[in-house]
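Visitor: Dropping a structure here in structure tokens format, bear with me for questions.
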Amino acid sequence: SEKPYEKSLSLLTEMYRTFLDTMPPILRDVYLNSSTHELEPWFHKVEFHLKEIDRPVYNHMRTVLYPPDSHMSTNDDPYVLVFLKKCCYPWFKYMFVGCLTADPLMFVWDQYLITSDIPKFHDELIPAIAAAMIITLRDFLLKCKLTSEMESILQHKTNIIITRQLQSVIVRFFLSEFKNRIARSDFGPVIDPTEGRQWTSYNKDHVPLAANRPEQRLTDRERNEQ
């Protein structure tokens, strides 16, 4: 007979296949040509969120990134955006795999899958997640005096972010706009991101609760193989 962990692994595989099926077209294009051009709108949104939500962090990044011996302009300059492109590109390309640990990663994927039926909602959600990660690490970033130090924080410290931190930032700064965006669509009801997740207990030796498409696909596959 099938062991519990084998059943759990099978269901996780189906969840991952569902994720691939719903992957934004923009990410498929990135995989095909390895360019950053398609992600430009997301980079700009991350920069916009930092300006609007955490101006001290944005200004500090700008100060660190500004060329030495140059007079800082009062107008917008490209340095923060260029830096964000470098740091956020792998986050976006791999949907935060490799930078977030399993629990916050499953939270992010859950939010993505829950809202995947809303046209282009991922264009709002994914940049917001990236901005929330940067805001969560603000105390580390504010101590940086070199570009390399900030790069190191965003490359190696993201694995200390816990789910509750992401939830807190999203609820405080993004949930209201998300609700408005969802209200303008035919999707509903709005799911509070601080509530339970379908991926909980994914690593335990029992089948995680998932009354959704992946489980149905697994059931169908087993029936077809009989």
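Here, A, B, ... name the chains of the structure tokens in the order displayed, residue numbers run from 1 inside each chain, and ligands are numbered from 1 in the same displayed order.
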Within 12 Å of Glu47 of chain A, counting only C-alpha atoms, which residues show up once you throw out same-chain ones fewer than 3 positions away? Write them as an MDAnalysis selection string, please.

Guide: chainID A and resid 40:44 50:55 57:59 61:62 76:85 87:88 127:128 130:132 134:135

Visitor: If you take only C-alpha atoms and a cut-off of 9 Å, which residues of segment 127-186 of chain A touch segment 107-114 of chain A, and what are their nearest atom pairs and distances in Å to one decimal, in chain and number order, as CSV?

Guide:
residue,atom,partner,partner_atom,distance
A:Ile129,CA,A:Val108,CA,7.6
A:Thr163,CA,A:Phe107,CA,6.9
A:Leu166,CA,A:Val108,CA,8.9
A:Gln167,CA,A:Phe107,CA,8.8

Visitor: When distances are computed from only C-alpha atoms, which of A:Leu137, A:Ile118, A:Ile161, A:Met150 shows the smallest separation from Phe96 of chain A?

Guide: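 Looking at the shortest contact to Phe96 of chain A, the residue is A:Ile161.
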
Visitor: Enter the distance from atom CA of Leu20 of chain A to atom CA of Arg164 of chain A, in Å, rounded to one decimal.

Guide: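 That distance, rounded to one decimal, is 25.8 Å.
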
Visitor: Using atom CA of Thr136 of chain A and atom CA of Gln165 of chain A as the two end points, give the distance in Å to one decimal.

Guide: 6.7 Å

Visitor: For the atom pair atom CA of Ser152 of chain A and atom CA of Pro24 of chain A, what is the interatomic distance in Å to one decimal place?

Guide: 28.2 Å

Visitor: Let me make sure I understand: among A:Pro119, A:Pro90, A:Pro56, A:Gly98, which one has the smallest atom-to-atom distance to Thr36 of chain A if we use only C-alpha atoms?

Guide: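 For Thr36 of chain A, the nearest of the given residues is A:Pro90.
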